[in-house]
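Working notes, structure below.
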Amino acid sequence: TVDMATVGLQKVCNKREKRLSDPTMEKYVVTVVMDTISAFFSSPFSENSTSLQTHQSIAVQLLQSTCRLLDCSWLQQQQKSSVETCIRTLALMAKNRSVPLPMDLDNQARNLLNSQSLASQRNAPNWKASTRAFPRSTGTQQQWDYKNIIEKLQDIITTLEDRLQPLVEAELSVLVDVMHRPELLFMDGTEARLRCESGGFISKLIQHTKTLMSTEEKLCIKVLRSLQAMLVKKNSYGDRGNELRKTLLSSYLYGKKSNSKGDSIDLCFGDPDKCQDWNSIVPIQCRLDREGATKLVADLITSSKSDKIFQESVLLAIALLDGGNTEIQNSFHSLMTADNKSEKFFKVLNQRMKGAQQEIKANVSVNMNELGGKVSKNDLHEKTNPNQGAGHKGTDVQLLLASVHNKSQMTISRDAEHGQKEAEISPVVAIMRPILRLLQLLCENHNNNLQNFLRCQNNKTNYNLVCETLQFLDIMCGSTTGGLGLLGLYINEHNVLLIIQTLETLTEYCQGPCTENQTCIVSHECNGIDIITALILNDISPLCKYRMDLVLQLKDNASKLLLALMESRYDSENAERILFNMRPQELVNVIIKAYHQEEECENSEVSPRDVGHNIYILALQLSRHNKLLQQLLKPVKRVQEEVDEGISMLMLNNMQMLKTGHQEQQEEEDPLTYYSNHTAQIEIIRNDRNMEQIVFPVPSICEYLTVDSKHRVLDTTEQDEQGSKVSDFFEKTNFLYNEMIWQKKLRSMPLLYWFSRRMSIWGSISFNLAVFINLVIAFFYPYAELTSMGPLDSSFLSLFFWGVICFSVVSLLSKRYGLRPLIIALIIRSIYYIGIGHTLLTLGLLNLINKIVYLLSFVGNGGKFIIGYKAMIMDMAFLYHIGYIMTSVLGLFVHEFFYSILLFDLIYREETLFNVIKSVTRNGRSILLTAVLALILVYLFSIVGFLFLKDDFILDVERLPSSKTSSLFAVQGNTIKDFINSCAADDVHCTAGIQDTESTDGDASDKERACDTLLMCIITVLNHGLRNGGGVGDILRQPSKDEALFPARVVFDLLFFFIVIIIVLNLIFGVIIDTFADLRSEKQKKEETLKSTCFICGLERDKFDNKTVSFEEHINNEHNIWNYLYFVVLVHVKNKTDYTGPESYVAQMIKTKNLDWFPRMRAMSLVSNEGDGEQNELRNLQDKLFLTMKLVSNLTNQLTELKEQMTEQRKRRQRIGFVDVQSNASNTNHQMAKV
């Protein structure tokens, strides 16, 4: 609509003297367009609309065209009045909305308004007559209809914009895709495709952009924005936008028949977040840098005269450097140093900073009503608190003096709307935010070369941008106008983001550290350090009342800047400068206040508690140089303990009951205790081999580290060759970090977490159930014989049950045996009522269910789900529990005797038994080789026995009675009985013969040859030779001394006894015993090492004897193993662009798996103790020198005063003497006259 009106006005105004040949166009422009413009800019919608500020040029163009239309001579009187009304409406709008107008147009509009006011004054007396002469006009109703139509039309336009905006963005994104892969527009093998593949398209586009700067400004801006879009991750365009992208990409890039399949892999039609992420922005940044984008940016910033081109150039430079791309930084540094462009480049930036500073000085705006309210509030506070009036009187005087001093330099707001307009920053100042962001990214990742380069370029004219940035902060916060301390009156929601960016840039100047920039900022003559300190200590009112999140960001960045100024400093100059105008109590109050604001800002993006934590770390660093602050930072509990040390034990015991409840509540609410518990410190070794102490906040994920994991690390970490456990501990950090992640995820699964927390309980229940089951089996198996057992049928079992019940009640009261006696009583009762079989079945089922729950707890607590199924299957502990469950199933469904295997769980539960097993398995190879040697010896002795002593291998055996032999014995027994009866009848004794026959047959049947074959000989020697104490000779036939092989037999028996029994078997036993002793000594050594040696540095306890720091304080505070783990986790979870200097250094060392940053055999407390004497002497000398200088200055002042007094006395004496001389002279003359 605006474009149509503008075109119509241009056509009508081309020939002012001649009318248009088209009367319809003339009527449309003079009537419809004029009335529409007047109605729109007179409507409430126009007054509430904010789009006019971004389209001021259109309003100026409409006013110019309307003024040109008024100069047309062919206008009628009614048409001229309509045009004049439109011009007045536009002029009033421009005046009310502060739209800048050209000088001639402003004068013309002002004359028209003045003529209207004179005409209204001239016609004021005749208003009654005019109302009688002319009827009441209906233009108001018609104007209201225009307003309604315009409002509805604006709603339609807004709705269409919301619906079509994703389609427009999707269409523009295809252009960016074409710029990424322009070769896909051409056929394979063509010259254009080859040139595009080699980067010729982007290179030519970048080269052509510089020429567009002077000829086609709009096109140059569009190209710069397209290059920026290549480096920005794309957003989702909705379903319709994605479908449009798919269609356009198919038409432009994939409609070519010659395109290969490989080309379609890079650009897909899926989710834009995935397909347009390009895996990483860094390769695209480097590609644009190789094609000349960095040089283009430097040239445009240096030589551009257009503010828009300058702004887009800076934004493109920010996109190239985003993330701290080191290659782009080095390219920029080499570009500035090679062609001597740095002087022009930094001159432009310096001029921009100077211009912004001058603009701020010229347009400083402060709400005086807020100032008055603040002063009156302080006065009221002083009246209500007379004890604190003396402390705040100076502040009130300062406020009043500042208000008087600034009246001539401040623009006082007349109303709320006008004040809001003045608060908005001008474009000259607004451009500083991207400039400061560019300077920050140049120094990102602690690029020391560029940090120093921004301070000094080694040119004829150097531009110190570090000092200029600090000066800019100083001016933004109002110190140049005398308003230091009134930060809330200078900082508003329009400039607070610019101040935050300034603080971030200054922080990046210093981190690394860059000691020269630190010194430059601290020693600057402006009030920058005091302003940064005031940003932390003050409330920034009234901004804090409605934008607390911005105030928190401001305080957070201010605290980080002060920490950066003290980073890696071994002196106290910077800290003392920061503490110069800082009150320790105010700093502690800010920390406590930020802690309590967490409940008020629950939904805020910035956590007040985190901001307070950063300020607390700042206070800890400053407390090393201020004893009062160090005392104030001690938690309430620690201060109470120090106070209570002097109280007697009797008073302590009497007050213990009263202090318990209150103390617990105080611990929960004490902010300093919270921050102290969530803050850690470590010591690291830098590249220059100097030690540095780092204080950092403990990441929230570290609270999920379990106690079992800590014990496992302490018990299983092995020492290296240097006696330190750092290398093995470092290898476990990734596993511990993953376990923390899983434990955090486990909290979101309440059921699994509930079972996992009670894993030890499930283990104890499983073992106890296995013991009870085996006791039942041992006492009552087989079950069929229960009916024949007398005691079970009597009342003995019931009596025993009640006895066990009484014992269980006593044990529960004494808490000695727990629930075990009660469970035994219940088992006995169930046996008595439901039988052994059902009781055993119930216990087995409970054991199986409990073990399954234990397995789920084990998997959940250890995070086995996230390591993968293969790693889970290869885990021996997991396989052990699976075997336990399978054994329980076999015992439940196959046979009860399988439950006996479950008793081996005792080995898994008890470390002592596990060491017994390890004593066999640890040196298993030695034992196995010794056993093989024993087998070889047995084999040799078996061969000798088979060849020479075969007849001596006769063994006594006891045969089992078989069915055939029992029947034969029965027949023979009957025959023998008949024979004996017949002999008795004949009175003949024949039992002796029968006894001899039986004994002969028995002797023949109880002996057996055991060495008829070599295999039988080997088995006999192996079986009986190793099991008998005297060797194989104990089971062989005892030879007579008269036998020929008697000496050989003696040698054979003795050799087997000495070689096999004494030597070989004792070798095996000795290996096992020595291994067990080694395991026990290693365990004792580990325990002793943990008690008397530092886990990190390896220093022993005796090194800290007679030192200011004890060994316990050293391992708990200085070299706490878990603090080092927390710092490694902090490096993992923190964004790399937010690293401090030490964090960046440690992150690089971790990436290369270099452990030189761990302190080995060193501690700062020992080093500082050695140098404490010299430092104390220096401090004493400095104190004495300061006192001496103070005394000298006092003496100098006294001498000066004494000199002045003597001078006055001398003058007085001279005057008195002169008067006396005159009086004497007069007296003499008088006497002479008399004479």
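FYI, nothing fancy with the structure tokens labels: chains A, B, ... in order, residues from 1 per chain, ligands from 1 as they appear.
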
Quick one: pick out all alpha helix (DSSP H) residues within segment 170-363 of chain A from a backbone DSSP run and write them as a PyMOL selection string.
chain A and resi 170-180+191-197+200-215+217-229+238-252+263-266+272-275+282-290+293-303+307-321+326-338+342-362

Can you pull out the residues contacting segment 191-201 of chain A? Cut-off 8 Å, using only C-alpha atoms, and skip same-chain residues under 5 positions away; I want them as a PyMOL selection string.
chain A and resi 181-186+291

What lies within 7 Å of segment 697-708 of chain A using only C-alpha atoms, ignoring chain neighbours under 3 positions off, as a list of chain:residue names?
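Near segment 697-708 of chain A, the qualifying residues are A:His678, A:Thr679, A:Ala680, A:His711, A:Arg712, A:Met740, A:Gln743, A:Lys744, A:Tyr1126, A:Leu1130.
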
Selection export as a PDB file, in the first residue's frame, atoms kept: N, CA, C and O atoms:
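Result went into part-v4.pdb, see below:
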```pdb
ATOM      1  N   HIS A 678      30.452 -26.531  48.106  1.00  0.00           N
ATOM      2  CA  HIS A 678      30.388 -26.696  46.656  1.00  0.00           C
ATOM      3  C   HIS A 678      31.529 -25.976  45.947  1.00  0.00           C
ATOM      4  O   HIS A 678      31.430 -25.675  44.760  1.00  0.00           O
ATOM      5  N   THR A 679      32.590 -25.692  46.670  1.00  0.00           N
ATOM      6  CA  THR A 679      33.776 -25.065  46.084  1.00  0.00           C
ATOM      7  C   THR A 679      34.981 -25.938  46.384  1.00  0.00           C
ATOM      8  O   THR A 679      35.109 -26.463  47.496  1.00  0.00           O
ATOM      9  N   ALA A 680      35.830 -26.098  45.403  1.00  0.00           N
ATOM     10  CA  ALA A 680      37.017 -26.949  45.549  1.00  0.00           C
ATOM     11  C   ALA A 680      38.236 -26.191  45.040  1.00  0.00           C
ATOM     12  O   ALA A 680      38.124 -25.209  44.294  1.00  0.00           O
ATOM     13  N   HIS A 711      35.384 -45.839  47.074  1.00  0.00           N
ATOM     14  CA  HIS A 711      36.146 -46.922  47.703  1.00  0.00           C
ATOM     15  C   HIS A 711      36.836 -47.789  46.655  1.00  0.00           C
ATOM     16  O   HIS A 711      37.977 -48.228  46.860  1.00  0.00           O
ATOM     17  N   ARG A 712      36.172 -48.017  45.544  1.00  0.00           N
ATOM     18  CA  ARG A 712      36.772 -48.845  44.494  1.00  0.00           C
ATOM     19  C   ARG A 712      38.002 -48.177  43.903  1.00  0.00           C
ATOM     20  O   ARG A 712      39.014 -48.837  43.622  1.00  0.00           O
ATOM     21  N   MET A 740      28.767 -40.969  36.636  1.00  0.00           N
ATOM     22  CA  MET A 740      27.998 -39.838  37.166  1.00  0.00           C
ATOM     23  C   MET A 740      26.809 -39.519  36.259  1.00  0.00           C
ATOM     24  O   MET A 740      25.698 -39.241  36.744  1.00  0.00           O
ATOM     25  N   GLN A 743      24.206 -42.121  36.882  1.00  0.00           N
ATOM     26  CA  GLN A 743      23.548 -41.946  38.179  1.00  0.00           C
ATOM     27  C   GLN A 743      22.556 -40.780  38.132  1.00  0.00           C
ATOM     28  O   GLN A 743      21.487 -40.840  38.748  1.00  0.00           O
ATOM     29  N   LYS A 744      22.888 -39.747  37.383  1.00  0.00           N
ATOM     30  CA  LYS A 744      21.948 -38.641  37.223  1.00  0.00           C
ATOM     31  C   LYS A 744      20.717 -39.082  36.447  1.00  0.00           C
ATOM     32  O   LYS A 744      19.583 -38.708  36.775  1.00  0.00           O
ATOM     33  N   TYR A1126      36.765 -33.701  40.124  1.00  0.00           N
ATOM     34  CA  TYR A1126      35.746 -32.702  39.841  1.00  0.00           C
ATOM     35  C   TYR A1126      36.248 -31.681  38.815  1.00  0.00           C
ATOM     36  O   TYR A1126      35.467 -31.204  37.972  1.00  0.00           O
ATOM     37  N   LEU A1130      34.672 -30.771  35.305  1.00  0.00           N
ATOM     38  CA  LEU A1130      34.372 -29.386  34.945  1.00  0.00           C
ATOM     39  C   LEU A1130      34.882 -29.060  33.543  1.00  0.00           C
ATOM     40  O   LEU A1130      34.190 -28.391  32.759  1.00  0.00           O
TER      41      LEU A1130
END
```

Might you pull out every residue within 9 Å of Asp289 of chain A, with only C-alpha atoms counted and same-chain residues fewer than 4 positions away left off, and present them as a list in words?
Ile284, Gln285, Ala293, Thr294, Lys295, Leu320, Glu327, Ile328 and Ser331 of chain A

Option closest in space to Leu153 of chain A, from A:Ser709, A:Ile592, A:Phe40, A:Met179 [counting only C-alpha atoms]
A:Phe40

Quick one: residues within 10 Å of Leu442 of chain A, only C-alpha atoms, excluding same-chain residues fewer than 5 positions away - as a PyMOL selection string?
chain A and resi 317-318+321-322+324-326+328-330+332-333+436-437+447+449-451+454+505+508-509

Deliver the residues from the most recent selection as a file, using N, CA and C atoms, as a short mmCIF file (atom, residue, chain, number, x, y, z; two decimals), in the first residue's frame.
```
data_model
loop_
_atom_site.label_atom_id
_atom_site.label_comp_id
_atom_site.auth_asym_id
_atom_site.auth_seq_id
_atom_site.Cartn_x
_atom_site.Cartn_y
_atom_site.Cartn_z
N ALA A 317 32.72 -10.75 10.16
CA ALA A 317 33.94 -11.10 10.89
C ALA A 317 33.61 -11.89 12.16
N ILE A 318 32.53 -11.51 12.82
CA ILE A 318 32.12 -12.27 14.02
C ILE A 318 31.75 -13.69 13.66
N LEU A 321 34.88 -15.74 13.06
CA LEU A 321 35.66 -16.02 14.27
C LEU A 321 34.86 -16.74 15.35
N ASP A 322 33.59 -17.00 15.10
CA ASP A 322 32.73 -17.59 16.12
C ASP A 322 33.29 -18.94 16.58
N GLY A 324 36.00 -19.09 18.38
CA GLY A 324 37.43 -18.94 18.60
C GLY A 324 38.27 -19.73 17.63
N ASN A 325 37.97 -19.63 16.34
CA ASN A 325 38.71 -20.36 15.31
C ASN A 325 40.15 -19.84 15.28
N THR A 326 41.08 -20.69 15.67
CA THR A 326 42.49 -20.27 15.76
C THR A 326 43.07 -19.96 14.39
N ILE A 328 41.53 -18.69 11.76
CA ILE A 328 41.09 -17.36 11.33
C ILE A 328 41.84 -16.29 12.12
N GLN A 329 42.05 -16.52 13.41
CA GLN A 329 42.80 -15.56 14.22
C GLN A 329 44.22 -15.38 13.70
N ASN A 330 44.87 -16.50 13.38
CA ASN A 330 46.22 -16.40 12.84
C ASN A 330 46.24 -15.72 11.48
N PHE A 332 44.14 -13.44 10.46
CA PHE A 332 43.95 -12.01 10.71
C PHE A 332 45.24 -11.37 11.23
N HIS A 333 45.93 -12.06 12.11
CA HIS A 333 47.17 -11.50 12.67
C HIS A 333 48.23 -11.36 11.59
N LEU A 436 32.88 -4.69 19.95
CA LEU A 436 33.45 -5.33 21.13
C LEU A 436 33.38 -6.85 21.04
N ARG A 437 32.32 -7.36 20.44
CA ARG A 437 32.23 -8.81 20.23
C ARG A 437 33.33 -9.28 19.28
N ASN A 447 44.35 -16.19 22.85
CA ASN A 447 45.36 -15.96 21.83
C ASN A 447 46.26 -14.82 22.31
N ASN A 449 49.05 -13.60 21.23
CA ASN A 449 49.59 -12.68 20.22
C ASN A 449 48.61 -11.55 19.93
N LEU A 450 47.34 -11.91 19.75
CA LEU A 450 46.35 -10.87 19.46
C LEU A 450 46.00 -10.07 20.70
N GLN A 451 46.08 -10.68 21.87
CA GLN A 451 45.84 -9.91 23.10
C GLN A 451 46.85 -8.78 23.22
N LEU A 454 46.31 -6.05 20.31
CA LEU A 454 45.27 -5.04 20.52
C LEU A 454 45.74 -3.92 21.43
N THR A 505 34.44 -8.59 26.91
CA THR A 505 35.61 -8.29 26.10
C THR A 505 36.83 -8.01 26.97
N GLU A 508 38.18 -11.24 28.26
CA GLU A 508 38.94 -12.00 27.27
C GLU A 508 40.30 -11.37 27.01
N TYR A 509 40.43 -10.08 27.21
CA TYR A 509 41.74 -9.44 27.09
C TYR A 509 42.74 -10.01 28.10
#
```

How many Å lie between atom CA of Thr337 of chain A and atom CA of Tyr1145 of chain A, rounded to one decimal?
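Between atom CA of Thr337 of chain A and atom CA of Tyr1145 of chain A the gap is 26.9 Å.
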
Which value, in Å to one decimal, gives the distance between atom CA of Asn677 of chain A and atom CA of Phe1127 of chain A?
14.8 Å

Excluding Arg689 of chain A and any residue of its chain fewer than 2 positions from it, enumerate the residues within 10 Å of it, using only C-alpha atoms, and give them as JSON, numbers by chain.
{"A": [684, 685, 686, 687, 691, 692, 1156, 1157, 1159]}

Store the residues of this selection in a file with all heavy atoms, as a PDB file, in the first residue's frame.
```pdb
ATOM      1  N   ILE A 684      48.115 -27.062  40.322  1.00  0.00           N
ATOM      2  CA  ILE A 684      48.596 -27.598  39.046  1.00  0.00           C
ATOM      3  C   ILE A 684      49.984 -27.042  38.763  1.00  0.00           C
ATOM      4  O   ILE A 684      50.431 -26.064  39.368  1.00  0.00           O
ATOM      5  CB  ILE A 684      47.643 -27.253  37.886  1.00  0.00           C
ATOM      6  CG1 ILE A 684      47.597 -25.741  37.654  1.00  0.00           C
ATOM      7  CG2 ILE A 684      46.261 -27.822  38.136  1.00  0.00           C
ATOM      8  CD1 ILE A 684      46.843 -25.346  36.397  1.00  0.00           C
ATOM      9  N   ILE A 685      50.654 -27.691  37.819  1.00  0.00           N
ATOM     10  CA  ILE A 685      51.979 -27.268  37.361  1.00  0.00           C
ATOM     11  C   ILE A 685      51.820 -26.681  35.962  1.00  0.00           C
ATOM     12  O   ILE A 685      51.322 -27.357  35.053  1.00  0.00           O
ATOM     13  CB  ILE A 685      52.969 -28.454  37.334  1.00  0.00           C
ATOM     14  CG1 ILE A 685      53.055 -29.105  38.724  1.00  0.00           C
ATOM     15  CG2 ILE A 685      54.339 -27.992  36.873  1.00  0.00           C
ATOM     16  CD1 ILE A 685      53.655 -28.238  39.779  1.00  0.00           C
ATOM     17  N   ARG A 686      52.231 -25.425  35.779  1.00  0.00           N
ATOM     18  CA  ARG A 686      52.144 -24.784  34.459  1.00  0.00           C
ATOM     19  C   ARG A 686      53.369 -25.139  33.623  1.00  0.00           C
ATOM     20  O   ARG A 686      54.273 -25.859  34.061  1.00  0.00           O
ATOM     21  CB  ARG A 686      52.027 -23.268  34.627  1.00  0.00           C
ATOM     22  CG  ARG A 686      50.788 -22.803  35.358  1.00  0.00           C
ATOM     23  CD  ARG A 686      49.513 -23.224  34.657  1.00  0.00           C
ATOM     24  NE  ARG A 686      49.334 -22.543  33.395  1.00  0.00           N
ATOM     25  CZ  ARG A 686      48.548 -21.497  33.199  1.00  0.00           C
ATOM     26  NH1 ARG A 686      47.839 -21.022  34.208  1.00  0.00           N
ATOM     27  NH2 ARG A 686      48.429 -20.926  32.011  1.00  0.00           N
ATOM     28  N   ASN A 687      53.376 -24.623  32.395  1.00  0.00           N
ATOM     29  CA  ASN A 687      54.472 -24.936  31.479  1.00  0.00           C
ATOM     30  C   ASN A 687      55.822 -24.430  31.983  1.00  0.00           C
ATOM     31  O   ASN A 687      56.864 -25.032  31.686  1.00  0.00           O
ATOM     32  CB  ASN A 687      54.177 -24.333  30.102  1.00  0.00           C
ATOM     33  CG  ASN A 687      53.095 -25.117  29.360  1.00  0.00           C
ATOM     34  OD1 ASN A 687      53.007 -26.336  29.510  1.00  0.00           O
ATOM     35  ND2 ASN A 687      52.289 -24.430  28.582  1.00  0.00           N
ATOM     36  N   MET A 691      53.955 -23.586  40.216  1.00  0.00           N
ATOM     37  CA  MET A 691      52.706 -24.121  40.744  1.00  0.00           C
ATOM     38  C   MET A 691      51.673 -23.008  40.853  1.00  0.00           C
ATOM     39  O   MET A 691      52.009 -21.849  41.121  1.00  0.00           O
ATOM     40  CB  MET A 691      52.929 -24.763  42.113  1.00  0.00           C
ATOM     41  CG  MET A 691      53.857 -25.960  42.095  1.00  0.00           C
ATOM     42  SD  MET A 691      53.858 -26.832  43.673  1.00  0.00           S
ATOM     43  CE  MET A 691      52.213 -27.514  43.675  1.00  0.00           C
ATOM     44  N   GLU A 692      50.428 -23.403  40.619  1.00  0.00           N
ATOM     45  CA  GLU A 692      49.323 -22.444  40.667  1.00  0.00           C
ATOM     46  C   GLU A 692      48.133 -23.094  41.348  1.00  0.00           C
ATOM     47  O   GLU A 692      47.824 -24.262  41.106  1.00  0.00           O
ATOM     48  CB  GLU A 692      48.946 -21.992  39.259  1.00  0.00           C
ATOM     49  CG  GLU A 692      47.810 -20.994  39.235  1.00  0.00           C
ATOM     50  CD  GLU A 692      47.458 -20.543  37.833  1.00  0.00           C
ATOM     51  OE1 GLU A 692      48.236 -20.873  36.901  1.00  0.00           O
ATOM     52  OE2 GLU A 692      46.437 -19.878  37.668  1.00  0.00           O
ATOM     53  N   ASP A1156      51.636 -33.964  33.007  1.00  0.00           N
ATOM     54  CA  ASP A1156      52.610 -33.071  33.644  1.00  0.00           C
ATOM     55  C   ASP A1156      51.956 -31.966  34.456  1.00  0.00           C
ATOM     56  O   ASP A1156      52.646 -31.268  35.206  1.00  0.00           O
ATOM     57  CB  ASP A1156      53.518 -32.450  32.577  1.00  0.00           C
ATOM     58  CG  ASP A1156      54.445 -33.484  31.971  1.00  0.00           C
ATOM     59  OD1 ASP A1156      54.630 -34.547  32.587  1.00  0.00           O
ATOM     60  OD2 ASP A1156      54.976 -33.243  30.862  1.00  0.00           O
ATOM     61  N   TRP A1157      50.644 -31.782  34.305  1.00  0.00           N
ATOM     62  CA  TRP A1157      49.981 -30.729  35.075  1.00  0.00           C
ATOM     63  C   TRP A1157      49.685 -31.182  36.500  1.00  0.00           C
ATOM     64  O   TRP A1157      49.357 -30.342  37.348  1.00  0.00           O
ATOM     65  CB  TRP A1157      48.700 -30.288  34.383  1.00  0.00           C
ATOM     66  CG  TRP A1157      47.669 -31.362  34.228  1.00  0.00           C
ATOM     67  CD1 TRP A1157      47.634 -32.331  33.287  1.00  0.00           C
ATOM     68  CD2 TRP A1157      46.509 -31.564  35.054  1.00  0.00           C
ATOM     69  NE1 TRP A1157      46.524 -33.132  33.460  1.00  0.00           N
ATOM     70  CE2 TRP A1157      45.823 -32.679  34.530  1.00  0.00           C
ATOM     71  CE3 TRP A1157      45.998 -30.912  36.164  1.00  0.00           C
ATOM     72  CZ2 TRP A1157      44.644 -33.155  35.101  1.00  0.00           C
ATOM     73  CZ3 TRP A1157      44.818 -31.373  36.725  1.00  0.00           C
ATOM     74  CH2 TRP A1157      44.155 -32.481  36.192  1.00  0.00           C
ATOM     75  N   PRO A1159      50.850 -32.178  40.155  1.00  0.00           N
ATOM     76  CA  PRO A1159      52.055 -31.945  40.961  1.00  0.00           C
ATOM     77  C   PRO A1159      52.653 -33.266  41.437  1.00  0.00           C
ATOM     78  O   PRO A1159      51.969 -34.084  42.072  1.00  0.00           O
ATOM     79  CB  PRO A1159      51.549 -31.096  42.135  1.00  0.00           C
ATOM     80  CG  PRO A1159      50.098 -31.435  42.244  1.00  0.00           C
ATOM     81  CD  PRO A1159      49.622 -31.759  40.864  1.00  0.00           C
TER      82      PRO A1159
END
```

Which residue out of A:Ser38, A:Ile540, A:Gln76, A:Val889 has the minimum interatomic distance to Leu92 of chain A when only C-alpha atoms are used?
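The closest residue to Leu92 of chain A is A:Ser38.
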
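Once Asp715 of chain A and its same-chain neighbours fewer than 6 positions away are set aside, Lys1083, Lys1086 and Glu1087 of chain A remain within 9 Å of it when counting only C-alpha atoms.
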
Between atom CA of Arg609 of chain A and atom CA of Lys593 of chain A, what is the distance in Å, rounded to a tenth?
9.2 Å
